[in-house]
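See structure below.
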Amino acid sequence: MQSSPNMLTKFESKSSRAKGIAFHPKRPWILVSLHSSTIQLWDYRMGTLIDRFEEHDGPVRGIDFHPTQPLFVSGGDDYKIKVWNYQTRRCLFTLNGHLDYVRTVFFHPELPWILSASDDQTIRIWNWQNRSLICTMTGHNHYVMCAQFHPTEDLIASASLDQSVRIWDISGLRKKHSAPTSVSFEDQMARANPNQADMFGNTDAIVKFVLEGHDRGVNWVSFHPTLPLIVSAGDDRLIKLWRMSDTKAWEVDTCRGHFQNASACLFHPHQDLILSVGEDKTIRVWDLNKRTSVQSFKRDQDRFWVIAAHPEMNLFAAGHDTGVMVFKLERERPASAVYQNQLFYITKEKHVKSYDFGKNVESPPMLSLRKLGSPWVPPRTLSYNPAERAILVTSPTDSGTYELIHLPRDATGAVEPTDVKRGQATSAVFVARNRFAVFNPSSQQVDIKDLSNSTTKTIKPPAGTTDIYFGGTGCLLFITPTTVTLFDIQQKKQLAELAVSGVKYVVWSNDGLYCALLSKHNVTIVTKTLEQVSTLHETIRIKSATWDDSGVLIYSTLNHVKYSLLNGDNGIIRTLDQTVYLVRVKGRNVYCLDRNAQPQILAIDPTEYRFKLALVKRNYDEMLQIIKTSSLVGQSIISYLQKKGYPEIALQFVQDPQTRFDLALECGNLEVAIEMARELDRPNYWNRLGAEALAHGNHQTVEMTYQKQRNFEKLSFLYLATGDQEKLARMAKIAEHRGDFTSRFQNAIYRGDVEDRIQMFKEVDQYPLAYLTAKSHGLTEEAESILEACGLTEDQIVLPTLEEPLKVPHPIVPTFKSNWPAKAAGHSSFEKALLGEVGAGDEEAAADGFEVEEDETEAVLAKDTLEEEEEDASGWDMGDDINVEEDVEFVNVESTEAGAGSSEADLWARNSPLAADHVAAGSFDTAMQLLNRQVGAVQFAPLKDRFLEIYKGSKTYLPASTGLPPLVNYVRRTTEETDSRKVLPIIPRDLETVASVDLQDGYAAMRSNKLEDGVKIFKRILHTLLVNTVSSESEVEQAKKIIATAREYILAMTIELERRSISTDTPEGLKRSLELSAYFTIPKLEVAHRQLALMAAMKLAFANKNYNSALGFANRMLANGGSAKLLDQAKKIKAQCERNPQDAIDIEFDQFAEFDICAASFTPIFSGSPCVTDPFTGAKYHEQYKGSVCRISEVTEIGAPASGLRLFVPAQY
Amino acid sequence: MDPFSAEGELLNIHNAFHSGQYQTVIDFDTAALSPENQLPARVLKLRAQIALGQTKEVLAAVSSEEDTPDLAATKALAQQTAGNTDAALELAQELAENYPENATVQVLAGTVLQAHGNSEEALALLSKHQGNLEAVALIVQIHLQQNRTDLALKEVQAAKRWAQDSLLVNLAESWVGMRVGGEKYQSAFYVYEELASGPSTSAALSIVGQAVAELHLGRLPEAEAALTAALEQYPDNTELIANSIVLNVLAGKLTGDLEARLQQVQPSHALLAEIQEKSEFFDAAAAKYSPKVSS
């Protein structure tokens, strides 16, 4: 059988001659009517026969599914039309009327009509709802072979052996049968006499056109779905194309090629193609526009009788002498490749496009591959090379061609590629940055080519190789029908071989460690060295696969998205309406290409496989997380856990007491088991619980279960075993009560209670035994009394030799008091994690020196509180800016020795006026000069770590030739730049890190009252920012704000630390302490932190009877708002203070005056009084501190002339 | 036929040497090689031993065969590496004088000369090479050490014309690329990544190269992943440690442990020496400043 390369057979059935075919519009079903009178219903996807319908007599030629109802219609050589319900699997009714074979039957797309064509030369329309004949069309004067409704208009086309095709207008019929507005006399007349000509001689259906052109009988006719075209097939072996307008119809062209009767023909539903079949055993495909043959397919033995198209999908079915075949004309898998966040793919129009997963945007077309291969054959594969931004595309045309094309830098539209390298091969893949491999099956040869398309190496693959795939860097995978081989290209060596049959696709995991080999029905997961990890089988065809970042394979079958863990555990994630090709999974999204080559995003719930993965990896925290955040329940996961030996985890999911009980027993969790047993309270459960508890040595539980089961014997024995004499006595009592002598005897023996035994024997008239017992235990009196009672004397009885009676040993240790020691119960780390969850809350209530509940409002930057700061300082900075000349910004760096060039570090210093860049260049002296001029830095020791940090991060060491020191390369922050006049160094700890990490650390220190640490952190922030760079003016502002924030926090923290160091025993000390606590409230902290300061100050003032001050603080707190608890306290204090708003101790603090705090002396600087400022931090000092080192920054000189810190040079960016 | 060419039998050992797989080189089975390739293979093996620090063994191995200029050159390199630098220089200069056409002498003596800072002498010797890729690579490196990226680039481009596909040319191009920056970082990255991920070429050398390229590209997390994984595999590789220090600094992490480790493995490493030097420089420079009023 010769098969055209592109016709893909999806299903074939074996039967007698197939005369009629119908596709189900939604389900993967076809109906096949056979010459043998049977109608078959097949699932062509699964390849199974669903049903058979056998009520016709003789051949069944016409068959059709109803578009929406669960109905189908059939027509046969028994002149009958039958309407069936495939759900109830019954024939609903039969329409009788035709007087000869029925050739075709069709449902109307919307009206309740059936159209039939018959050898009785008539075409009839039936209403299947009231089961009546509504129209009979006469006119053909030979067998009518086919009649079809137009898909949208009120037209019918018919083909007859009278060599004509007729087009009928049935708009009259529709009018008559649509709901009448008023019933006229004519209508009544017409209804009463169907099929009769009306008074103008018209019938309901009138012949519109008669198309003559075929020289022999016409077998089939079809309408085009959208265009006014008609195609017909006749015994003259011709396929004729007709066009019609409103008023006329004419022959357009003829497709010649069939060399026997043409049986049927139709238009391709989406493409400009015509398909026809004939008794010459061929299926032929024609170009609708050129009327040339595109391809043909021939069967050896079987004549074709009928062809049908699926209404939506790209599927066709053809019926022949021995069955049907379902096929499609071309592969629908779009060629695609994924690189990082991008998908490259080829659309139906053969345009190369890219799609960004992150942004969910499609690029405009980048290239047009119109000239690749033949117009009706889509490209098969696409391989992408990121280093060269090139693609390799293969097309199956001409037994395989490939093209190497460079993608344009910007997608500007579907341009024709220039500079295309091409050649012959069925497969072509990139194997390295500048190499690709092409495979030619005819020569059985793999060529390694460079980017100029010249062969650099030739490899002989294993015999029978059908395809090649990328095999990891420098390697190839050879696919043969039975094996996969890993081959190292450079060493020309086969590294590994694995027997896997029928591999069609290879999908590498994102980290390149694993790879999935997809066959039609199998997925085999292998490592990169081709060791098999797992394999799984699917009954439905596997279409595509992609890897999750966590190493889970997500694959798609025809109708499902499924997952597989590395260990082969798999499951369904979701169902699919249509077949898709997965390309990427990210989070809850699966990205795929549909059959129209459109990128789509499918939402999935990854919980199940993530959970299983976490289970496999024993990542209990993640499992816990999943359990807490998702509703992961269901029998499957429970049985999965149980099966995998994690009953204790399964326990967490189960609500049903019975299952819970089973699981609890399985994992030995007695507490849960007891709880559940109580709930269930049935003997069987107590019994099982008892057995398990006994195995655990948990005799208290055992006791309880025996009690529940009223199992007295076992209970007694248990008490004996545990040495519980008291309970044993009680058991004896109970036995006595119950009148159970055996039991009583047993208990007496257990207890060693001879009297009771004798008593019992007497009660049951076992005097000899009673006597013997008494005698042997030396109870002579008792023995005698027994004898007496029996009226016997000692001489009358013969006693066996008595030995020393057995004594029941007494328990030495009261084991019954507690359970036997058992190994710690099997709490898995998972359960611990579950339990730990309860205790986790404790951490939060960590040391909180302020005794205040905080609210967690932290903005990344202190915004409102700090903003005003900048302005009011300006009035006092007189003269600061004067002495600094702008032109000294660039400090000259002498260039190094001649001959050799200057190093990049030297360039940095030359390129930038920023201190940080000089530091990175190692030019510390010039950096210091700059800092001195900019911010008056004079004491550099605190900056040493920062200097060395920047310097350390400035270069890398790249080993080159052996025997020589590594090459030093300089790390740039301008990674895109290559102009040596513009390159600049990278500076570690950028502004963002400072704002998002260091600053938050500082706030945390404040919150948790670790003030010493806080001061250190904020000082480090100052130093980090002092020697740094930023990338925009707005970042300069942000940096300044952070500097101001750090200043305020350092000031506030040092004030509070000072206060804590003062003893309050002396009146002066107390006064100072009160003052400092008041000053602590002045720096502009975050509101939440200011509340802490106010609270502390308020409490201190209140405690020392400074009610006026306390009132002031309380009012400020209330004004700030915040947590209710805090405000409550403030309100209380306010209420108390208002009764007596007096201060007991007079302090230097006026809550209504505006003032700053001197950072050296911690005394107020009231507005208007003289002060000096630190040029870097802006901290204020009394005048006498001018010239000393700033207490806040520890680097800069108070009141020194300075030009201001520079962190940014606009020209650099 | 050039024994190092794609079809030559020394290709694999040569590539292994230059991708830093020294043990593979030493273990390489040379018995099957043709007689004219025996000596170059042996020299490569000796050089691999030197690279692994086994200088004594090498010196012992070549002691009786110093008449062969190739082995004498190997001796010079071994002496240099062992610390007997004066003797090495003398021998190298002598060899450069007598056998300037010998490829091994060119490369090894050139290395010794450059290690002594005699760049001009080294370049003069190396410029006599005829199609010796190793000499090209060395010239490129010397130019780069002299910060003459322009000359290095020229050299690479010239070599690319006749040996486009060679590993060494690719490597040398990457070295230059790392200096040029911009898009060249990415190209260099691809070269090293390809080496690092190939089963037959992966070694500390290539991983360092890959990580350094990532670092220059500003892709710190990727660089970190590569370095961390590599450090587990090669805990004592100095360049891995040194570059990890750089990376951690840039990522704002502490580097004390790594510095101590480097101190242990190679106290003379440029990174440590420079930090020490700069630390002293800082103190000296800072001493020039003081506040007007001491508090």
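Here, A, B, ... name the chains of the structure tokens in the order displayed, residue numbers run from 1 inside each chain, and ligands are numbered from 1 in the same displayed order.
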
Give me the residues near stretch 14-28 of chain B as a PyMOL selection string, where near means some atom within 7 Å (using only C-alpha atoms) and where sequence neighbours in that chain fewer than 5 positions away do not count. chain B and resi 4+45+48+167+201+203+205-206

Keeping only N, CA and C atoms, write the selected residues as a short mmCIF file (atom, residue, chain, number, x, y, z; two decimals), in the first residue's frame.
```
data_model
loop_
_atom_site.label_atom_id
_atom_site.label_comp_id
_atom_site.auth_asym_id
_atom_site.auth_seq_id
_atom_site.Cartn_x
_atom_site.Cartn_y
_atom_site.Cartn_z
N PHE B 4 45.75 17.68 16.30
CA PHE B 4 44.72 18.22 17.20
C PHE B 4 43.43 18.54 16.46
N LYS B 45 50.25 15.03 29.32
CA LYS B 45 50.06 14.33 30.58
C LYS B 45 50.90 14.95 31.68
N ALA B 48 49.40 18.12 32.72
CA ALA B 48 48.24 17.90 33.57
C ALA B 48 48.69 17.62 34.99
N LEU B 167 38.37 24.29 20.41
CA LEU B 167 37.98 24.63 21.77
C LEU B 167 38.79 25.82 22.27
N THR B 201 33.11 17.25 29.03
CA THR B 201 33.93 18.45 29.14
C THR B 201 33.73 19.18 30.46
N ALA B 203 34.07 20.47 34.03
CA ALA B 203 35.11 20.47 35.05
C ALA B 203 35.00 21.78 35.82
N LEU B 205 36.93 24.17 35.93
CA LEU B 205 37.32 25.27 35.06
C LEU B 205 36.12 25.84 34.31
N SER B 206 35.35 24.95 33.69
CA SER B 206 34.24 25.44 32.88
C SER B 206 33.12 25.99 33.75
#
```

Name the residues in contact with A:Glu726 at a cut-off of 12 Å, using only C-alpha atoms, excluding same-chain residues fewer than 2 positions from it; report them as a PDB file with C-alpha atoms, in the first residue's frame.
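Once written, selection32.pdb looks like this:
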```
ATOM      1  CA  SER A 716      -9.347 -11.435  84.711  1.00  0.00           C
ATOM      2  CA  TYR A 719      -5.549  -8.221  85.849  1.00  0.00           C
ATOM      3  CA  LEU A 720      -3.542 -11.243  86.822  1.00  0.00           C
ATOM      4  CA  THR A 722      -0.715  -6.770  85.492  1.00  0.00           C
ATOM      5  CA  GLY A 723      -0.957  -7.765  89.144  1.00  0.00           C
ATOM      6  CA  ASP A 724      -4.032  -5.750  89.899  1.00  0.00           C
ATOM      7  CA  LEU A 728      -9.183  -9.210  90.342  1.00  0.00           C
ATOM      8  CA  ALA A 729     -11.183  -9.309  93.566  1.00  0.00           C
ATOM      9  CA  ARG A 730     -13.817  -7.272  91.869  1.00  0.00           C
ATOM     10  CA  MET A 731     -13.833  -9.716  89.002  1.00  0.00           C
ATOM     11  CA  ALA A 732     -14.406 -12.503  91.495  1.00  0.00           C
ATOM     12  CA  LYS A 733     -17.339 -10.559  92.877  1.00  0.00           C
ATOM     13  CA  ASN A 747     -10.539 -15.806  89.614  1.00  0.00           C
ATOM     14  CA  TYR A 750      -5.693 -16.226  90.064  1.00  0.00           C
ATOM     15  CA  ARG A 751      -6.037 -14.597  93.435  1.00  0.00           C
ATOM     16  CA  PRO A 811       3.056  -9.106  92.198  1.00  0.00           C
ATOM     17  CA  PRO A 814       2.357  -2.540  90.604  1.00  0.00           C
ATOM     18  CA  PHE A 816      -1.168  -2.106  86.539  1.00  0.00           C
ATOM     19  CA  LYS A 817      -0.697   1.484  87.586  1.00  0.00           C
TER      20      LYS A 817
END
```

Excluding same-chain residues fewer than 2 positions from A:Gln598, what lies within 10 Å of it counting only C-alpha atoms, as a ChimeraX atom specification? /A:334,345-348,355,362,580,592-596,600-601

Give the residues of chain B that lie within 7 Å of chain A; count only C-alpha atoms, and format the answer as a PyMOL selection string. chain B and resi 12+51+81+111+115+138+145-148+178-183+187+190+194+197-198+205+209+212+216-217+239+243+246-247+249-252+282+285-286+289-295

Could you pull the residues within 12 Å of B:Glu97, counting only C-alpha atoms, minus those fewer than 5 positions along the same chain, as a list in words? Pro69, Glu90, Leu91, Ala92, Asn102, Val105, Gln106, Ala109, Gly110, Glu121, Ala122, Ala124, Leu125 and Lys128 of chain B

Which one is closest to B:Thr255: B:Gln80, B:Ile241, B:Ser200, B:Leu168? Count only C-alpha atoms.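 Ranked by minimum distance to B:Thr255, first place goes to B:Ile241.
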
Would you work out the distance separating atom CA of B:Leu215 from atom CA of A:Ala921, expressed in Å to one decimal?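 Atom CA of B:Leu215 sits 17.8 Å away from atom CA of A:Ala921.
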
Could you pull the residues within 10 Å of B:Ala103, counting only C-alpha atoms, minus those fewer than 6 positions along the same chain, as JSON, numbers by chain? {"B": [40, 69, 70, 109, 126, 128, 129, 130, 131, 132, 133, 134, 135]}

Find the distance between atom CA of A:Arg389 and atom CA of A:Trp508 and write it in Å to one decimal.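 We find that atom CA of A:Arg389 and atom CA of A:Trp508 lie 20.2 Å from each other.
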
As a ChimeraX atom specification, which residues of stretch 1076-1178 of chain A does DSSP assign to helix (DSSP H, G or I)? /A:1076-1079,1087-1103,1107-1120,1124-1139

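The interatomic distance for the pair atom CA of A:Ser556 and atom CA of A:Leu582 works out to 6.9 Å.
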
Any idea what's packed within 12 Å of B:Gly83, counting only C-alpha atoms, ignoring anything in its chain fewer than 2 positions away? Could you give it as a PDB file with N, CA and C atoms, in the first residue's frame?
```pdb
ATOM      1  N   GLY A 963      49.201  27.423  34.475  1.00  0.00           N
ATOM      2  CA  GLY A 963      50.535  27.922  34.774  1.00  0.00           C
ATOM      3  C   GLY A 963      50.585  29.422  34.915  1.00  0.00           C
TER       4      GLY A 963
ATOM      5  N   GLY B  53      49.583  19.922  40.566  1.00  0.00           N
ATOM      6  CA  GLY B  53      50.548  20.179  41.640  1.00  0.00           C
ATOM      7  C   GLY B  53      51.532  19.050  41.849  1.00  0.00           C
ATOM      8  N   THR B  55      54.451  18.370  40.909  1.00  0.00           N
ATOM      9  CA  THR B  55      55.652  18.835  40.221  1.00  0.00           C
ATOM     10  C   THR B  55      56.828  17.913  40.468  1.00  0.00           C
ATOM     11  N   LYS B  56      56.919  17.355  41.665  1.00  0.00           N
ATOM     12  CA  LYS B  56      58.074  16.500  41.984  1.00  0.00           C
ATOM     13  C   LYS B  56      58.116  15.305  41.048  1.00  0.00           C
ATOM     14  N   ALA B  76      61.014  23.227  32.914  1.00  0.00           N
ATOM     15  CA  ALA B  76      61.002  24.640  33.293  1.00  0.00           C
ATOM     16  C   ALA B  76      59.673  25.012  33.944  1.00  0.00           C
ATOM     17  N   LEU B  77      58.587  24.537  33.323  1.00  0.00           N
ATOM     18  CA  LEU B  77      57.276  24.854  33.874  1.00  0.00           C
ATOM     19  C   LEU B  77      57.099  24.235  35.259  1.00  0.00           C
ATOM     20  N   ALA B  78      57.561  23.000  35.398  1.00  0.00           N
ATOM     21  CA  ALA B  78      57.436  22.333  36.693  1.00  0.00           C
ATOM     22  C   ALA B  78      58.222  23.085  37.750  1.00  0.00           C
ATOM     23  N   GLN B  79      59.419  23.533  37.380  1.00  0.00           N
ATOM     24  CA  GLN B  79      60.238  24.296  38.331  1.00  0.00           C
ATOM     25  C   GLN B  79      59.512  25.572  38.731  1.00  0.00           C
ATOM     26  N   GLN B  80      58.976  26.228  37.722  1.00  0.00           N
ATOM     27  CA  GLN B  80      58.270  27.472  37.965  1.00  0.00           C
ATOM     28  C   GLN B  80      57.131  27.241  38.957  1.00  0.00           C
ATOM     29  N   THR B  81      56.354  26.190  38.688  1.00  0.00           N
ATOM     30  CA  THR B  81      55.196  25.914  39.528  1.00  0.00           C
ATOM     31  C   THR B  81      55.633  25.490  40.918  1.00  0.00           C
ATOM     32  N   THR B  85      61.788  29.500  40.872  1.00  0.00           N
ATOM     33  CA  THR B  85      61.466  30.350  39.740  1.00  0.00           C
ATOM     34  C   THR B  85      62.713  30.823  38.995  1.00  0.00           C
ATOM     35  N   ASP B  86      63.784  31.053  39.693  1.00  0.00           N
ATOM     36  CA  ASP B  86      64.970  31.579  39.011  1.00  0.00           C
ATOM     37  C   ASP B  86      65.517  30.568  38.030  1.00  0.00           C
ATOM     38  N   ALA B  87      65.616  29.330  38.510  1.00  0.00           N
ATOM     39  CA  ALA B  87      66.100  28.270  37.629  1.00  0.00           C
ATOM     40  C   ALA B  87      65.176  28.111  36.432  1.00  0.00           C
ATOM     41  N   ALA B  88      63.883  28.210  36.699  1.00  0.00           N
ATOM     42  CA  ALA B  88      62.903  28.058  35.623  1.00  0.00           C
ATOM     43  C   ALA B  88      63.114  29.132  34.568  1.00  0.00           C
ATOM     44  N   LEU B  89      63.296  30.372  35.017  1.00  0.00           N
ATOM     45  CA  LEU B  89      63.469  31.483  34.087  1.00  0.00           C
ATOM     46  C   LEU B  89      64.704  31.259  33.229  1.00  0.00           C
ATOM     47  N   VAL B 112      56.393  30.534  31.303  1.00  0.00           N
ATOM     48  CA  VAL B 112      57.334  30.859  32.379  1.00  0.00           C
ATOM     49  C   VAL B 112      57.768  32.319  32.274  1.00  0.00           C
ATOM     50  N   ALA B 115      55.049  34.528  33.409  1.00  0.00           N
ATOM     51  CA  ALA B 115      54.868  34.447  34.855  1.00  0.00           C
ATOM     52  C   ALA B 115      55.881  35.323  35.574  1.00  0.00           C
ATOM     53  N   HIS B 116      57.029  35.567  34.917  1.00  0.00           N
ATOM     54  CA  HIS B 116      58.033  36.450  35.510  1.00  0.00           C
ATOM     55  C   HIS B 116      57.825  37.895  35.119  1.00  0.00           C
TER      56      HIS B 116
END
```

Stretch 440-449 of chain A environment, 10 Å, only C-alpha atoms, sequence neighbours closer than 3 positions dropped, as a VMD selection string: chain A and resid 399 to 401 424 to 431 434 to 437 452 to 468 476 478 489
